$ cat model_23.cif   # mmCIF, C-alpha atoms
data_input
loop_
_atom_site.label_atom_id
_atom_site.label_comp_id
_atom_site.auth_asym_id
_atom_site.auth_seq_id
_atom_site.Cartn_x
_atom_site.Cartn_y
_atom_site.Cartn_z
CA MET A 5 -73.69 41.21 16.11
CA GLU A 6 -72.93 44.87 15.42
CA PRO A 7 -70.43 46.55 17.74
CA THR A 8 -71.74 49.28 19.99
CA THR A 9 -70.56 52.82 19.46
CA ALA A 10 -68.46 52.67 22.62
CA SER A 11 -66.70 49.53 21.46
CA THR A 12 -66.04 50.49 17.87
CA PRO A 13 -62.42 51.56 17.24
CA SER A 14 -62.28 55.19 16.20
CA ALA A 15 -58.71 56.40 16.52
CA ALA A 16 -57.50 59.87 15.66
CA ALA A 17 -59.29 61.64 12.84
CA SER A 18 -56.28 61.17 10.55
CA PHE A 19 -56.56 57.40 10.95
CA SER A 20 -58.90 56.15 8.23
CA ILE A 21 -59.38 52.39 8.43
CA GLU A 22 -60.56 52.33 4.82
CA LYS A 23 -57.37 54.02 3.60
CA VAL A 24 -55.24 51.82 5.84
CA ARG A 25 -56.77 48.63 4.49
CA ALA A 26 -56.41 49.83 0.91
CA ALA A 27 -52.64 49.97 1.50
CA PHE A 28 -52.43 46.17 1.99
CA PRO A 29 -52.87 44.17 -1.24
CA ALA A 30 -53.10 40.83 0.60
CA LEU A 31 -56.35 41.91 2.24
CA GLU A 32 -58.02 41.70 -1.17
CA ARG A 33 -57.61 37.90 -1.08
CA GLU A 34 -60.29 35.33 -0.45
CA VAL A 35 -59.73 32.19 1.61
CA ASN A 36 -62.19 29.33 1.26
CA GLY A 37 -64.49 31.61 -0.69
CA ARG A 38 -64.53 34.39 1.89
CA PRO A 39 -62.57 37.63 2.25
CA VAL A 40 -59.56 36.91 4.42
CA ALA A 41 -59.76 38.13 8.02
CA TYR A 42 -56.10 38.16 8.91
CA LEU A 43 -55.81 37.86 12.70
CA ASP A 44 -52.25 36.53 12.81
CA SER A 45 -50.28 39.76 12.73
CA GLY A 46 -48.44 38.80 15.91
CA ALA A 47 -46.69 36.08 13.93
CA SER A 48 -46.12 38.19 10.83
CA SER A 49 -48.03 41.23 9.66
CA GLN A 50 -49.12 41.78 6.10
CA ARG A 51 -46.83 43.97 3.99
CA VAL A 52 -47.85 47.52 3.28
CA LEU A 53 -47.78 48.63 -0.36
CA ALA A 54 -45.29 51.43 0.38
CA SER A 55 -42.77 48.81 1.49
CA ILE A 56 -43.42 46.57 -1.50
CA LYS A 57 -42.95 49.49 -3.89
CA ALA A 58 -39.76 50.63 -2.18
CA VAL A 59 -38.19 47.19 -2.49
CA ASP A 60 -39.34 46.89 -6.10
CA GLY A 61 -37.91 50.30 -6.97
CA TYR A 62 -34.56 49.46 -5.46
CA GLU A 63 -34.37 46.09 -7.20
CA ARG A 64 -35.37 47.52 -10.57
CA ARG A 65 -33.22 50.65 -10.68
CA HIS A 66 -30.67 50.96 -7.89
CA HIS A 67 -29.41 47.49 -6.97
CA SER A 68 -25.73 47.40 -6.13
CA ASN A 69 -23.52 46.62 -3.16
CA VAL A 70 -23.18 49.34 -0.54
CA HIS A 71 -20.21 51.22 0.91
CA ARG A 72 -17.70 49.72 -1.54
CA GLY A 73 -18.21 51.23 -4.97
CA SER A 74 -17.51 54.68 -6.36
CA HIS A 75 -19.97 54.29 -9.24
CA THR A 76 -23.45 55.79 -9.36
CA LEU A 77 -25.51 52.69 -8.56
CA SER A 78 -23.39 51.88 -5.51
CA ALA A 79 -23.70 55.45 -4.29
CA GLU A 80 -27.50 55.30 -4.73
CA ALA A 81 -27.74 51.98 -2.92
CA THR A 82 -25.58 53.26 -0.08
CA GLU A 83 -27.65 56.41 0.25
CA ALA A 84 -30.87 54.40 0.40
CA TYR A 85 -29.44 51.89 2.90
CA GLU A 86 -28.05 54.54 5.24
CA GLY A 87 -31.25 56.53 4.79
CA ALA A 88 -33.11 53.48 6.04
CA ARG A 89 -30.89 53.44 9.12
CA ALA A 90 -31.71 57.08 9.78
CA THR A 91 -35.44 56.31 9.48
CA VAL A 92 -35.18 53.51 12.05
CA ALA A 93 -33.19 55.78 14.36
CA ASP A 94 -35.85 58.50 14.12
CA HIS A 95 -38.62 55.97 14.74
CA VAL A 96 -37.12 54.70 18.00
CA GLY A 97 -35.90 58.10 19.17
CA ALA A 98 -32.20 57.31 18.86
CA ALA A 99 -29.77 60.13 19.51
CA ASP A 100 -27.43 58.96 16.74
CA GLY A 101 -28.00 56.82 13.63
CA ARG A 102 -24.84 54.88 14.49
CA GLU A 103 -26.76 53.37 17.40
CA VAL A 104 -28.86 51.30 14.96
CA VAL A 105 -27.44 47.96 13.80
CA PHE A 106 -29.26 46.06 11.05
CA VAL A 107 -29.81 42.36 11.74
CA ARG A 108 -32.06 39.66 10.30
CA ASN A 109 -34.74 39.91 13.00
CA ALA A 110 -35.26 40.54 16.71
CA THR A 111 -33.95 37.05 17.43
CA GLU A 112 -30.60 37.87 15.86
CA ALA A 113 -30.51 41.19 17.68
CA ILE A 114 -30.85 39.44 21.04
CA ASN A 115 -28.27 36.82 20.06
CA LEU A 116 -25.89 39.61 19.07
CA VAL A 117 -26.19 41.14 22.53
CA ALA A 118 -25.80 37.76 24.24
CA ARG A 119 -22.58 37.09 22.31
CA ALA A 120 -21.00 40.50 21.87
CA TRP A 121 -21.99 42.05 25.21
CA GLY A 122 -22.78 38.94 27.23
CA ASP A 123 -19.58 37.00 26.61
CA ALA A 124 -17.53 40.05 27.54
CA ASN A 125 -19.50 41.10 30.64
CA VAL A 126 -21.19 38.06 32.20
CA GLY A 127 -19.14 35.47 34.03
CA ALA A 128 -19.35 32.53 36.39
CA GLY A 129 -21.81 33.13 39.22
CA ASP A 130 -23.38 36.22 37.60
CA ARG A 131 -27.15 36.40 37.27
CA ILE A 132 -29.51 37.19 34.39
CA LEU A 133 -33.13 38.12 35.18
CA LEU A 134 -35.88 37.08 32.76
CA THR A 135 -39.68 36.95 33.09
CA GLU A 136 -42.05 34.02 32.78
CA MET A 137 -43.75 35.60 29.77
CA GLU A 138 -40.74 35.68 27.44
CA HIS A 139 -40.62 34.39 23.87
CA HIS A 140 -38.01 31.69 23.28
CA SER A 141 -35.95 34.29 21.41
CA ASN A 142 -35.47 36.10 24.71
CA ILE A 143 -34.77 32.92 26.66
CA VAL A 144 -32.58 30.56 24.66
CA PRO A 145 -29.72 33.02 23.94
CA TRP A 146 -29.44 33.73 27.69
CA GLN A 147 -29.55 30.04 28.57
CA GLN A 148 -26.77 29.46 26.07
CA LEU A 149 -24.76 32.31 27.57
CA ALA A 150 -25.30 30.94 31.07
CA GLU A 151 -24.09 27.52 29.93
CA ARG A 152 -20.99 29.02 28.30
CA VAL A 153 -19.86 31.09 31.25
CA GLY A 154 -21.46 29.47 34.31
CA ALA A 155 -24.02 32.19 34.99
CA GLU A 156 -27.44 31.70 36.63
CA ILE A 157 -30.91 32.69 35.41
CA ASP A 158 -33.67 33.98 37.67
CA TRP A 159 -37.33 34.14 36.64
CA ALA A 160 -39.57 37.05 37.54
CA PRO A 161 -43.07 35.63 38.08
CA ILE A 162 -46.38 36.83 36.70
CA ASP A 163 -49.70 36.92 38.51
CA ASP A 164 -52.89 35.19 37.44
CA ASP A 165 -53.85 38.17 35.27
CA GLY A 166 -50.59 37.90 33.34
CA LEU A 167 -48.99 40.96 34.90
CA LEU A 168 -45.44 41.05 36.20
CA GLU A 169 -45.34 40.73 40.00
CA MET A 170 -43.38 43.87 40.71
CA GLY A 171 -42.70 43.04 44.36
CA ALA A 172 -41.11 39.74 43.41
CA PHE A 173 -39.26 41.45 40.57
CA ALA A 174 -37.79 44.02 42.96
CA ALA A 175 -36.72 41.24 45.33
CA LEU A 176 -34.93 39.43 42.51
CA LEU A 177 -33.09 42.64 41.65
CA GLU A 178 -31.55 42.46 45.11
CA ARG A 179 -29.60 39.43 43.87
CA GLY A 180 -27.61 41.76 41.64
CA PRO A 181 -28.28 40.62 38.05
CA LYS A 182 -26.00 41.87 35.31
CA LEU A 183 -28.91 42.05 32.87
CA VAL A 184 -32.70 42.24 32.87
CA ALA A 185 -34.29 41.03 29.62
CA LEU A 186 -38.02 41.36 29.03
CA ALA A 187 -40.69 41.82 26.38
CA HIS A 188 -42.21 45.21 25.73
CA VAL A 189 -45.50 43.44 24.95
CA SER A 190 -46.12 39.73 25.52
CA ASN A 191 -46.79 37.82 22.30
CA VAL A 192 -49.30 35.59 24.15
CA LEU A 193 -50.85 37.67 26.92
CA GLY A 194 -50.93 41.10 25.34
CA THR A 195 -49.40 42.48 28.53
CA GLU A 196 -47.66 45.82 28.08
CA ASN A 197 -44.87 45.82 30.61
CA PRO A 198 -43.93 49.01 32.53
CA VAL A 199 -40.56 49.17 30.81
CA ALA A 200 -39.57 52.66 31.99
CA GLU A 201 -40.21 51.74 35.63
CA ILE A 202 -38.38 48.44 35.21
CA SER A 203 -35.40 50.22 33.65
CA ARG A 204 -35.23 52.65 36.55
CA LEU A 205 -35.29 49.85 39.12
CA ALA A 206 -32.82 47.71 37.17
CA HIS A 207 -30.31 50.52 36.73
CA ALA A 208 -30.52 51.36 40.43
CA ALA A 209 -29.58 47.72 41.08
CA GLY A 210 -26.64 47.92 38.66
CA ALA A 211 -28.21 45.94 35.79
CA LEU A 212 -28.53 46.75 32.12
CA VAL A 213 -31.90 46.28 30.40
CA LEU A 214 -32.70 44.59 27.09
CA CYS A 215 -36.20 45.04 25.73
CA ASP A 216 -37.63 42.64 23.13
CA GLY A 217 -39.73 45.01 21.04
CA ALA A 218 -40.94 42.53 18.42
CA GLN A 219 -44.56 42.96 19.55
CA GLY A 220 -44.33 46.45 21.02
CA ALA A 221 -42.70 48.30 18.15
CA PRO A 222 -45.63 47.82 15.69
CA LYS A 223 -48.16 49.12 18.24
CA LEU A 224 -46.59 51.74 20.49
CA PRO A 225 -44.85 55.09 20.13
CA LEU A 226 -41.16 54.55 20.85
CA ASP A 227 -38.60 56.70 22.58
CA VAL A 228 -35.69 54.63 23.83
CA ALA A 229 -34.54 57.50 26.05
CA GLU A 230 -37.91 57.62 27.80
CA LEU A 231 -37.98 53.82 28.11
CA GLY A 232 -34.52 53.98 29.67
CA VAL A 233 -33.40 50.68 28.14
CA ASP A 234 -29.88 49.83 27.04
CA PHE A 235 -30.82 47.51 24.18
CA TYR A 236 -34.01 47.45 22.08
CA ALA A 237 -34.71 44.77 19.45
CA LEU A 238 -37.29 45.00 16.66
CA THR A 239 -38.15 43.09 13.51
CA GLY A 240 -39.39 44.22 10.11
CA HIS A 241 -41.90 41.49 9.33
CA LYS A 242 -44.11 42.46 12.28
CA LEU A 243 -43.86 46.14 11.29
CA TYR A 244 -45.61 45.69 7.91
CA GLY A 245 -42.26 45.28 6.15
CA PRO A 246 -40.17 42.42 4.73
CA THR A 247 -38.89 39.30 6.42
CA GLY A 248 -35.17 38.86 6.94
CA ILE A 249 -34.54 42.30 8.43
CA GLY A 250 -34.61 43.79 11.90
CA ALA A 251 -32.67 46.23 14.02
CA LEU A 252 -30.90 46.47 17.33
CA TRP A 253 -30.70 49.83 19.04
CA THR A 254 -27.93 50.21 21.60
CA ARG A 255 -26.30 53.23 23.16
CA LEU A 256 -23.22 54.16 21.12
CA GLU A 257 -20.84 53.92 24.08
CA LEU A 258 -21.97 50.34 24.66
CA LEU A 259 -21.55 49.44 21.00
CA ARG A 260 -18.03 50.79 21.02
CA GLU A 261 -17.15 48.53 23.93
CA MET A 262 -18.64 45.39 22.37
CA PRO A 263 -16.53 43.03 20.24
CA PRO A 264 -17.93 41.87 16.88
CA PHE A 265 -20.49 39.10 16.68
CA LEU A 266 -19.56 37.96 13.15
CA GLY A 267 -16.34 38.30 11.16
CA GLY A 268 -15.80 39.02 7.47
CA GLY A 269 -16.02 41.84 5.00
CA SER A 270 -17.29 45.32 5.87
CA MET A 271 -16.76 44.99 9.62
CA ILE A 272 -13.00 45.54 9.52
CA ARG A 273 -10.69 48.53 9.61
CA LYS A 274 -7.56 46.61 8.57
CA VAL A 275 -6.61 42.96 8.13
CA THR A 276 -2.98 41.81 8.33
CA ARG A 277 -1.27 38.45 8.66
CA THR A 278 -1.00 38.96 12.38
CA GLY A 279 -4.47 40.25 13.18
CA THR A 280 -7.45 42.42 12.42
CA SER A 281 -8.67 45.77 13.68
CA TYR A 282 -12.38 46.45 13.55
CA ALA A 283 -14.53 49.19 12.12
CA GLU A 284 -16.49 51.60 14.28
CA PRO A 285 -20.16 50.78 15.02
CA PRO A 286 -22.49 50.04 13.41
CA ALA A 287 -20.31 48.57 10.62
CA ARG A 288 -18.50 46.42 13.19
CA PHE A 289 -21.68 44.37 13.62
CA GLU A 290 -22.74 44.15 9.96
CA ALA A 291 -20.33 41.65 8.45
CA GLY A 292 -20.74 40.84 4.77
CA THR A 293 -23.22 42.19 2.27
CA PRO A 294 -26.28 43.34 4.22
CA ALA A 295 -29.95 42.87 3.47
CA ILE A 296 -30.10 46.11 1.50
CA ALA A 297 -33.52 45.75 -0.11
CA GLN A 298 -35.06 44.51 3.11
CA ALA A 299 -33.67 47.43 5.11
CA ILE A 300 -35.13 49.84 2.58
CA GLY A 301 -38.45 48.01 2.76
CA MET A 302 -38.55 48.07 6.56
CA ALA A 303 -37.76 51.78 6.63
CA SER A 304 -40.53 52.48 4.12
CA ALA A 305 -42.98 50.57 6.30
CA LEU A 306 -41.86 52.57 9.35
CA GLY A 307 -42.22 55.80 7.40
CA TRP A 308 -45.76 54.79 6.46
CA LEU A 309 -46.56 53.97 10.10
CA ASP A 310 -45.13 57.26 11.29
CA GLY A 311 -47.35 58.97 8.73
CA LEU A 312 -50.39 57.46 10.46
CA GLY A 313 -49.09 58.63 13.82
CA MET A 314 -48.09 56.05 16.40
CA GLU A 315 -50.47 57.51 18.98
CA ALA A 316 -53.32 56.83 16.55
CA VAL A 317 -51.96 53.34 15.88
CA ARG A 318 -51.86 52.61 19.61
CA GLU A 319 -55.39 53.89 20.13
CA HIS A 320 -56.72 51.79 17.26
CA GLU A 321 -55.03 48.64 18.57
CA ARG A 322 -56.23 49.22 22.13
CA GLN A 323 -59.82 49.67 21.03
CA ILE A 324 -59.70 46.61 18.75
CA THR A 325 -58.24 44.60 21.65
CA ASP A 326 -60.99 45.83 23.98
CA TYR A 327 -63.66 44.94 21.46
CA ALA A 328 -62.19 41.46 20.90
CA LEU A 329 -62.09 40.80 24.65
CA GLU A 330 -65.70 41.96 24.94
CA ARG A 331 -66.90 39.72 22.11
CA VAL A 332 -65.04 36.49 22.87
CA ALA A 333 -66.34 36.69 26.45
CA GLU A 334 -69.74 35.78 24.96
CA ILE A 335 -68.50 32.30 23.97
CA PRO A 336 -69.43 29.66 26.58
CA GLY A 337 -66.49 27.65 27.86
CA LEU A 338 -63.89 30.09 26.52
CA THR A 339 -61.00 31.18 28.75
CA VAL A 340 -58.87 34.20 27.84
CA PHE A 341 -55.30 34.44 29.11
CA GLY A 342 -53.81 37.79 30.02
CA PRO A 343 -54.86 41.04 31.67
CA PRO A 344 -58.43 42.29 31.46
CA ARG A 345 -59.35 45.28 29.33
CA GLY A 346 -57.36 48.32 30.34
CA PRO A 347 -54.16 50.32 29.87
CA GLU A 348 -51.90 47.31 30.50
CA ARG A 349 -53.47 45.25 27.70
CA ILE A 350 -52.83 45.65 23.98
CA GLY A 351 -52.56 43.22 21.10
CA PRO A 352 -53.01 39.46 21.02
CA VAL A 353 -55.95 37.64 22.58
CA SER A 354 -54.97 34.06 23.45
CA PHE A 355 -57.67 31.66 24.55
CA GLU A 356 -58.82 28.08 24.89
CA ILE A 357 -62.30 26.61 24.48
CA GLU A 358 -63.20 23.75 26.77
CA GLY A 359 -63.51 20.53 24.77
CA ILE A 360 -61.78 21.80 21.59
CA HIS A 361 -58.04 21.68 20.91
CA ALA A 362 -56.47 24.94 19.78
CA HIS A 363 -55.41 23.45 16.44
CA ASP A 364 -58.99 22.35 15.74
CA VAL A 365 -60.18 25.86 16.55
CA SER A 366 -57.68 27.27 14.05
CA GLU A 367 -58.66 24.80 11.33
CA ILE A 368 -62.38 25.52 11.68
CA LEU A 369 -61.77 29.28 11.68
CA ASP A 370 -59.78 28.90 8.46
CA ARG A 371 -62.92 27.47 6.83
CA HIS A 372 -64.46 30.87 7.57
CA GLY A 373 -61.49 32.70 6.06
CA VAL A 374 -60.29 33.75 9.54
CA ALA A 375 -56.55 33.31 10.13
CA VAL A 376 -55.36 32.76 13.72
CA ARG A 377 -52.36 31.00 15.24
CA ALA A 378 -52.50 27.87 17.41
CA GLY A 379 -49.74 26.32 19.50
CA HIS A 380 -47.36 27.33 22.26
CA HIS A 381 -46.31 30.51 20.40
CA CYS A 382 -42.62 29.95 21.22
CA ALA A 383 -43.44 30.55 24.89
CA GLN A 384 -43.38 27.13 26.53
CA ILE A 385 -42.34 28.44 29.94
CA LEU A 386 -45.39 30.69 29.88
CA MET A 387 -47.59 27.80 28.77
CA ASP A 388 -46.35 25.83 31.79
CA ARG A 389 -47.19 28.78 34.04
CA LEU A 390 -50.69 28.97 32.53
CA GLY A 391 -51.18 25.21 32.85
CA VAL A 392 -51.92 24.63 29.16
CA SER A 393 -50.03 23.01 26.29
CA ALA A 394 -51.35 25.35 23.59
CA THR A 395 -53.73 28.23 22.97
CA ALA A 396 -55.45 29.74 19.97
CA ARG A 397 -54.34 33.33 19.41
CA ALA A 398 -55.96 36.16 17.51
CA SER A 399 -53.55 39.02 16.98
CA PHE A 400 -54.28 42.34 15.38
CA GLY A 401 -52.82 45.05 13.19
CA VAL A 402 -53.53 48.54 11.96
CA TYR A 403 -55.92 47.04 9.42
CA THR A 404 -58.06 44.97 11.81
CA THR A 405 -61.76 45.89 11.93
CA PRO A 406 -64.62 45.16 14.35
CA ALA A 407 -66.32 43.20 11.55
CA GLU A 408 -63.34 40.83 11.47
CA ILE A 409 -63.67 40.30 15.22
CA ASP A 410 -67.34 39.50 14.67
CA ARG A 411 -66.34 36.91 12.06
CA LEU A 412 -63.91 35.41 14.58
CA VAL A 413 -66.74 35.04 17.09
CA ASP A 414 -69.04 33.52 14.46
CA GLY A 415 -66.32 31.00 13.65
CA LEU A 416 -65.83 30.13 17.31
CA GLU A 417 -69.57 29.52 17.67
CA ASP A 418 -69.37 27.23 14.64
CA ALA A 419 -66.49 25.33 16.25
CA ARG A 420 -68.66 24.68 19.28
CA ARG A 421 -71.42 23.38 17.02
CA VAL A 422 -69.01 21.10 15.16
CA PHE A 423 -67.88 19.59 18.47
CA GLY A 424 -71.41 19.19 19.77
CA LEU A 425 -71.08 21.80 22.47
CA THR A 426 -74.33 23.63 21.62
CA ASP A 427 -77.95 22.65 21.80
CA SER A 428 -78.61 23.51 18.14
#
$ encode --input "model_23.cif" --output "structure tokens"
Amino acid sequence: MEPTTASTPSAAASFSIEKVRAAFPALEREVNGRPVAYLDSGASSQRVLASIKAVDGYERRHHSNVHRGSHTLSAEATEAYEGARATVADHVGAADGREVVFVRNATEAINLVARAWGDANVGAGDRILLTEMEHHSNIVPWQQLAERVGAEIDWAPIDDDGLLEMGAFAALLERGPKLVALAHVSNVLGTENPVAEISRLAHAAGALVLCDGAQGAPKLPLDVAELGVDFYALTGHKLYGPTGIGALWTRLELLREMPPFLGGGSMIRKVTRTGTSYAEPPARFEAGTPAIAQAIGMASALGWLDGLGMEAVREHERQITDYALERVAEIPGLTVFGPPRGPERIGPVSFEIEGIHAHDVSEILDRHGVAVRAGHHCAQILMDRLGVSATARASFGVYTTPAEIDRLVDGLEDARRVFGLTDS
């Protein structure tokens, strides 16, 4: 089926899907004799060529440790590494590059906050407010903190459309949480949370706000000042860059108050027999030799994204999401989880087909060269709320086309035939 004109993504004029796809070597692959339709970007996006080349160039010509050497290669490596920090700061709208701490991924960023800020500021009887749609990375560190210090966790509920129940959320704020932690975009539902409004309400109630931007950062224009958050976590491998690198943005005054998360080289000012004094942020939180190549690769991917224009990226992803929701609705017995088409919906489409397990759906789609994810998506509390053990999930990127959505639908129809759910 050909998409209608109204449903076909057509972002800003500068956004050429042909040029975008040409920037991703992996999309030239075939899987089971068919061109790959990669609909698993929510788990890990493909790597853009600009990032691959940046890492290769560093490894070939500039590799050295950073901050420690006075020779040319060390100076070049340091310049590239700190340049990467400046790129990340610009991308998120940070007021100061020192507000960006490099970590391995968004998970480590959240753990850093739970340890360095949480241990110092959350105590027995204090409350932490989470939502039912959170990824395990934004649940487990807070559960561990609560266990360490005797704090309590409250859960903001979602409605049947997968939207945060704002009345219930406001009521839970009256219990005086120290922290509100929530996803920018749900990795299962595709819900885009009203982060700026939540930040305003949370701050009025005396809470700080941590935003898990793993899914939001690849899709949405970012300005941490406009969002009003206190902590923002992102990860490179969902931003068309390398694995093993991410970033935590935090206001500089908060970073200066936080003790280190890890100890070792680079994060110190002076070490004596009787004690250690610590470096200023962000070095205080980057113990040991950092992931230099990966930071450079992530920054190159962000630079490439910024060259497309994040407004155009958002428009493309919204229209692809709308088209996917329109097409999968044609499949009998298929249930989609999350908000309907509209401004609060962007990104992954999670679904189940009556009579077919999600893992079987994924396996049959792979025969068609269509890559999707199946399972609980590290969101078991959300799965319990939805009343399912697993879903299949198609998640999109800047390179996703309507034709790939059509191939997804063809594969789903084949899955129904395989399981005897059609008349033909």
$ residues_around --input "model_23.cif" --residues "A:Glu257" --least-positions-apart "4" --cutoff "9 Å" --atoms "only C-alpha atoms" --output "list of chain:residue names"
A:Glu103, A:Glu261, A:Met262
$ residues_near_point --input "model_23.cif" --point "(-67.2, 40.5, 22.5)" --cutoff "10 Å" --atoms "only C-alpha atoms" --output "MDAnalysis selection string"
chainID A and resid 5 7 11 325:335 406 409:410 412:413
$ closest_residue --input "model_23.cif" --among "A:Pro39, A:Thr278, A:Thr404, A:Val374" --to "A:Gln323" --atoms "all atoms listed in the file"
A:Thr404
$ atom_distance --input "model_23.cif" --atom1 "atom CA of A:Leu338" --atom2 "atom CA of A:Glu356"
5.7 Å
$ resolve_selection --input "model_23.cif" --expression "the PyMOL selection byres ((chain A and resi 300) around 12)" --output "PDB file with C-alpha atoms, keeping the file's coordinate frame"
ATOM      1  CA  ALA A  54     -45.290  51.430   0.380  1.00  0.00           C
ATOM      2  CA  SER A  55     -42.770  48.810   1.490  1.00  0.00           C
ATOM      3  CA  ILE A  56     -43.420  46.570  -1.500  1.00  0.00           C
ATOM      4  CA  LYS A  57     -42.950  49.490  -3.890  1.00  0.00           C
ATOM      5  CA  ALA A  58     -39.760  50.630  -2.180  1.00  0.00           C
ATOM      6  CA  VAL A  59     -38.190  47.190  -2.490  1.00  0.00           C
ATOM      7  CA  ASP A  60     -39.340  46.890  -6.100  1.00  0.00           C
ATOM      8  CA  GLY A  61     -37.910  50.300  -6.970  1.00  0.00           C
ATOM      9  CA  TYR A  62     -34.560  49.460  -5.460  1.00  0.00           C
ATOM     10  CA  GLU A  63     -34.370  46.090  -7.200  1.00  0.00           C
ATOM     11  CA  HIS A  66     -30.670  50.960  -7.890  1.00  0.00           C
ATOM     12  CA  HIS A  67     -29.410  47.490  -6.970  1.00  0.00           C
ATOM     13  CA  GLU A  80     -27.500  55.300  -4.730  1.00  0.00           C
ATOM     14  CA  ALA A  81     -27.740  51.980  -2.920  1.00  0.00           C
ATOM     15  CA  THR A  82     -25.580  53.260  -0.080  1.00  0.00           C
ATOM     16  CA  GLU A  83     -27.650  56.410   0.250  1.00  0.00           C
ATOM     17  CA  ALA A  84     -30.870  54.400   0.400  1.00  0.00           C
ATOM     18  CA  TYR A  85     -29.440  51.890   2.900  1.00  0.00           C
ATOM     19  CA  GLU A  86     -28.050  54.540   5.240  1.00  0.00           C
ATOM     20  CA  GLY A  87     -31.250  56.530   4.790  1.00  0.00           C
ATOM     21  CA  ALA A  88     -33.110  53.480   6.040  1.00  0.00           C
ATOM     22  CA  ARG A  89     -30.890  53.440   9.120  1.00  0.00           C
ATOM     23  CA  ALA A  90     -31.710  57.080   9.780  1.00  0.00           C
ATOM     24  CA  THR A  91     -35.440  56.310   9.480  1.00  0.00           C
ATOM     25  CA  VAL A  92     -35.180  53.510  12.050  1.00  0.00           C
ATOM     26  CA  PHE A 106     -29.260  46.060  11.050  1.00  0.00           C
ATOM     27  CA  GLY A 240     -39.390  44.220  10.110  1.00  0.00           C
ATOM     28  CA  GLY A 245     -42.260  45.280   6.150  1.00  0.00           C
ATOM     29  CA  PRO A 246     -40.170  42.420   4.730  1.00  0.00           C
ATOM     30  CA  THR A 247     -38.890  39.300   6.420  1.00  0.00           C
ATOM     31  CA  GLY A 248     -35.170  38.860   6.940  1.00  0.00           C
ATOM     32  CA  ILE A 249     -34.540  42.300   8.430  1.00  0.00           C
ATOM     33  CA  GLY A 250     -34.610  43.790  11.900  1.00  0.00           C
ATOM     34  CA  PRO A 294     -26.280  43.340   4.220  1.00  0.00           C
ATOM     35  CA  ALA A 295     -29.950  42.870   3.470  1.00  0.00           C
ATOM     36  CA  ILE A 296     -30.100  46.110   1.500  1.00  0.00           C
ATOM     37  CA  ALA A 297     -33.520  45.750  -0.110  1.00  0.00           C
ATOM     38  CA  GLN A 298     -35.060  44.510   3.110  1.00  0.00           C
ATOM     39  CA  ALA A 299     -33.670  47.430   5.110  1.00  0.00           C
ATOM     40  CA  GLY A 301     -38.450  48.010   2.760  1.00  0.00           C
ATOM     41  CA  MET A 302     -38.550  48.070   6.560  1.00  0.00           C
ATOM     42  CA  ALA A 303     -37.760  51.780   6.630  1.00  0.00           C
ATOM     43  CA  SER A 304     -40.530  52.480   4.120  1.00  0.00           C
ATOM     44  CA  ALA A 305     -42.980  50.570   6.300  1.00  0.00           C
ATOM     45  CA  LEU A 306     -41.860  52.570   9.350  1.00  0.00           C
ATOM     46  CA  GLY A 307     -42.220  55.800   7.400  1.00  0.00           C
TER      47      GLY A 307
END
$ closest_residue --input "model_23.cif" --among "A:Val24, A:Val70, A:Val104, A:Met137" --to "A:Ile385" --atoms "all atoms listed in the file"
A:Met137
$ closest_residue --input "model_23.cif" --among "A:Ile132, A:Arg108, A:Gly97, A:Ser366" --to "A:Tyr236" --atoms "only C-alpha atoms"
A:Gly97
$ residues_around --input "model_23.cif" --residues "A:Leu312" --least-positions-apart "6" --cutoff "12 Å" --atoms "only C-alpha atoms" --output "number ranges by chain"
A: 15-21, 23-24, 27, 222-223, 225, 305-306, 318-320, 402-403
$ decode --input "model_23.cif" --residues "stretch 404-428 of chain A" --atoms "C-alpha atoms" --output "PDB file, in the first residue's frame"
ATOM      1  CA  THR A 404      13.040   5.691   8.631  1.00  0.00           C
ATOM      2  CA  THR A 405      10.839   5.814   5.524  1.00  0.00           C
ATOM      3  CA  PRO A 406       7.139   5.152   4.837  1.00  0.00           C
ATOM      4  CA  ALA A 407       8.196   2.220   2.641  1.00  0.00           C
ATOM      5  CA  GLU A 408       9.811   0.589   5.671  1.00  0.00           C
ATOM      6  CA  ILE A 409       6.569   0.998   7.613  1.00  0.00           C
ATOM      7  CA  ASP A 410       4.761  -0.662   4.714  1.00  0.00           C
ATOM      8  CA  ARG A 411       7.211  -3.574   4.928  1.00  0.00           C
ATOM      9  CA  LEU A 412       6.497  -3.820   8.652  1.00  0.00           C
ATOM     10  CA  VAL A 413       2.778  -4.106   7.929  1.00  0.00           C
ATOM     11  CA  ASP A 414       3.383  -6.711   5.209  1.00  0.00           C
ATOM     12  CA  GLY A 415       5.416  -8.728   7.703  1.00  0.00           C
ATOM     13  CA  LEU A 416       2.696  -8.490  10.337  1.00  0.00           C
ATOM     14  CA  GLU A 417       0.136  -9.751   7.826  1.00  0.00           C
ATOM     15  CA  ASP A 418       2.472 -12.654   7.076  1.00  0.00           C
ATOM     16  CA  ALA A 419       2.721 -13.420  10.800  1.00  0.00           C
ATOM     17  CA  ARG A 420      -1.052 -13.695  10.956  1.00  0.00           C
ATOM     18  CA  ARG A 421      -0.997 -16.089   8.006  1.00  0.00           C
ATOM     19  CA  VAL A 422       1.715 -18.220   9.612  1.00  0.00           C
ATOM     20  CA  PHE A 423      -0.398 -18.541  12.762  1.00  0.00           C
ATOM     21  CA  GLY A 424      -3.566 -19.318  10.851  1.00  0.00           C
ATOM     22  CA  LEU A 425      -5.295 -16.082  11.724  1.00  0.00           C
ATOM     23  CA  THR A 426      -6.376 -15.261   8.148  1.00  0.00           C
ATOM     24  CA  ASP A 427      -8.758 -16.900   5.747  1.00  0.00           C
ATOM     25  CA  SER A 428      -6.145 -17.182   2.981  1.00  0.00           C
TER      26      SER A 428
END
